[in-house]
>>> print(open('my_file-v6.tsv').read())   # TSV, C-alpha atoms
chain	number	residue	atom	x	y	z
A	95	MET	CA	0.00	0.00	0.00
A	96	SER	CA	1.26	3.44	-0.84
A	97	THR	CA	0.10	7.00	-0.69
A	98	ARG	CA	0.37	9.77	-3.23
A	99	SER	CA	0.25	13.42	-2.30
A	100	PHE	CA	-1.15	16.15	-4.52
A	101	ALA	CA	-0.82	19.93	-4.13
A	102	TYR	CA	-3.71	22.03	-5.39
A	103	ILE	CA	-2.41	25.33	-6.74
A	104	VAL	CA	-4.12	28.53	-7.86
A	105	ASP	CA	-2.10	31.38	-9.32
A	106	GLY	CA	1.11	29.69	-8.20
A	107	GLU	CA	0.00	29.33	-4.56
A	108	VAL	CA	-0.72	26.04	-2.81
A	109	PHE	CA	-4.16	26.07	-1.19
A	110	LEU	CA	-4.56	22.37	-0.33
A	111	ILE	CA	-2.48	19.22	0.05
A	112	ASN	CA	-4.39	15.96	-0.37
A	113	ASP	CA	-3.06	12.45	0.28
A	114	PHE	CA	-4.60	9.38	-1.34
A	115	TRP	CA	-4.00	5.85	-0.19
A	116	THR	CA	-3.72	3.80	-3.37
A	117	GLY	CA	-4.63	0.46	-1.77
A	118	GLN	CA	-8.34	0.83	-2.46
A	119	GLN	CA	-9.48	0.69	-6.09
A	120	ARG	CA	-11.38	4.00	-6.08
A	121	MET	CA	-8.55	5.87	-4.35
A	122	ALA	CA	-6.08	4.42	-6.86
A	123	GLU	CA	-8.30	5.63	-9.73
A	124	ILE	CA	-8.56	9.13	-8.23
A	125	SER	CA	-4.81	9.22	-7.67
A	126	GLU	CA	-4.12	8.24	-11.29
A	127	ALA	CA	-6.59	10.83	-12.58
A	128	LEU	CA	-4.99	13.58	-10.50
A	129	ALA	CA	-1.53	12.53	-11.69
A	130	SER	CA	-2.61	13.42	-15.25
A	131	ASN	CA	-3.03	17.12	-14.31
A	132	PRO	CA	-6.78	17.29	-14.95
A	133	GLN	CA	-8.73	20.40	-15.81
A	134	ILE	CA	-11.18	21.31	-13.05
A	135	VAL	CA	-14.40	23.06	-14.06
A	136	ASN	CA	-16.94	24.61	-11.70
A	137	CYS	CA	-20.30	23.14	-12.76
A	138	THR	CA	-22.35	24.54	-9.87
A	139	ASN	CA	-24.57	26.70	-12.08
A	140	ASP	CA	-24.84	24.27	-14.99
A	141	PRO	CA	-28.47	23.20	-15.55
A	142	ASN	CA	-27.29	19.58	-15.50
A	143	ALA	CA	-25.15	19.93	-12.36
A	144	ASP	CA	-27.16	17.33	-10.46
A	145	ILE	CA	-26.66	14.65	-13.13
A	146	ILE	CA	-23.20	15.35	-14.60
A	147	GLY	CA	-21.05	12.32	-13.93
A	148	ASN	CA	-18.48	9.88	-15.25
A	149	ASN	CA	-18.15	9.64	-19.02
A	150	TRP	CA	-19.69	13.04	-19.66
A	151	THR	CA	-17.57	15.25	-21.90
A	152	TRP	CA	-16.63	18.94	-21.75
A	153	ASP	CA	-16.18	20.92	-24.99
A	154	GLY	CA	-14.71	23.97	-23.29
A	155	THR	CA	-18.13	25.59	-22.88
A	156	ASN	CA	-20.74	22.90	-22.17
A	157	PHE	CA	-21.04	19.45	-20.64
A	158	HIS	CA	-22.47	16.64	-22.78
A	159	PRO	CA	-23.87	13.29	-21.63
A	160	PRO	CA	-22.33	10.05	-22.85
A	161	VAL	CA	-23.39	8.89	-26.30
A	162	GLU	CA	-25.15	5.55	-26.11
>>> encode(input="my_file-v6.tsv", output="structure tokens")
Amino acid sequence: MSTRSFAYIVDGEVFLINDFWTGQQRMAEISEALASNPQIVNCTNDPNADIIGNNWTWDGTNFHPPVE
């Protein structure tokens, strides 16, 4: 079991350090996703905010549900 630490930075300043234990599957997935330097988008005011989830896409302006 190992841990990975991530620093959250805004305008060059660290505002949060988060450690993830990679022994559990979900924590390992989150750790890997964070290691890829993801884009974080505030979706609070999006009309679909309550249903946006995994496999949705972001085109730079709008969220789109998965294509079935």
>>> atom_distance(input="my_file-v6.tsv", atom1="CA of Ile111 in chain A", atom2="CA of Asn149 in chain A")
26.5 Å
>>> residues_near_point(input="my_file-v6.tsv", point="(-5.2, 6.7, -7.2)", cutoff="12 Å", atoms="only C-alpha atoms", output="compact mmCIF listing (two decimals) with C-alpha atoms, in the frame of the given file")
# COMPACT_ATOMS: atom_id res chain seq x y z
CA MET A 95 0.00 0.00 0.00
CA SER A 96 1.26 3.44 -0.84
CA THR A 97 0.10 7.00 -0.69
CA ARG A 98 0.37 9.77 -3.23
CA SER A 99 0.25 13.42 -2.30
CA PHE A 100 -1.15 16.15 -4.52
CA ASN A 112 -4.39 15.96 -0.37
CA ASP A 113 -3.06 12.45 0.28
CA PHE A 114 -4.60 9.38 -1.34
CA TRP A 115 -4.00 5.85 -0.19
CA THR A 116 -3.72 3.80 -3.37
CA GLY A 117 -4.63 0.46 -1.77
CA GLN A 118 -8.34 0.83 -2.46
CA GLN A 119 -9.48 0.69 -6.09
CA ARG A 120 -11.38 4.00 -6.08
CA MET A 121 -8.55 5.87 -4.35
CA ALA A 122 -6.08 4.42 -6.86
CA GLU A 123 -8.30 5.63 -9.73
CA ILE A 124 -8.56 9.13 -8.23
CA SER A 125 -4.81 9.22 -7.67
CA GLU A 126 -4.12 8.24 -11.29
CA ALA A 127 -6.59 10.83 -12.58
CA LEU A 128 -4.99 13.58 -10.50
CA ALA A 129 -1.53 12.53 -11.69
CA SER A 130 -2.61 13.42 -15.25
>>> atom_distance(input="my_file-v6.tsv", atom1="CA of Pro160 in chain A", atom2="CA of Pro132 in chain A")
18.9 Å
>>> atom_distance(input="my_file-v6.tsv", atom1="CA of Val135 in chain A", atom2="CA of Val108 in chain A")
18.0 Å
>>> residues_around(input="my_file-v6.tsv", residues="Thr155 in chain A", least_positions_apart="6", cutoff="12 Å", atoms="all atoms listed in the file", output="PyMOL selection string")
chain A and resi 135-137+140
>>> closest_residue(input="my_file-v6.tsv", among="A:Ala101, A:Thr138, A:Gln133, A:Phe109", to="Asp153 in chain A", atoms="all atoms listed in the file")
A:Gln133
>>> axis_aligned_box(input="my_file-v6.tsv", around="range 107-119 of chain A", padding_each_side="4 Å", output="AutoDock Vina command-line options")
--center_x -4.7 --center_y 14.9 --center_z -2.9 --size_x 17.5 --size_y 36.9 --size_z 14.4
>>> residues_around(input="my_file-v6.tsv", residues="Pro159 in chain A", least_positions_apart="5", cutoff="10 Å", atoms="all atoms listed in the file", output="list in words")
Asn142, Ile145, Ile146, Gly147, Asn148, Asn149, Trp150, Thr151 and Trp152 of chain A
>>> write_last_selection(input="my_file-v6.tsv", atoms="C-alpha atoms", output="short mmCIF file (atom, residue, chain, number, x, y, z; two decimals), in the frame of the given file")
data_model
loop_
_atom_site.label_atom_id
_atom_site.label_comp_id
_atom_site.auth_asym_id
_atom_site.auth_seq_id
_atom_site.Cartn_x
_atom_site.Cartn_y
_atom_site.Cartn_z
CA ASN A 142 -27.29 19.58 -15.50
CA ILE A 145 -26.66 14.65 -13.13
CA ILE A 146 -23.20 15.35 -14.60
CA GLY A 147 -21.05 12.32 -13.93
CA ASN A 148 -18.48 9.88 -15.25
CA ASN A 149 -18.15 9.64 -19.02
CA TRP A 150 -19.69 13.04 -19.66
CA THR A 151 -17.57 15.25 -21.90
CA TRP A 152 -16.63 18.94 -21.75
#
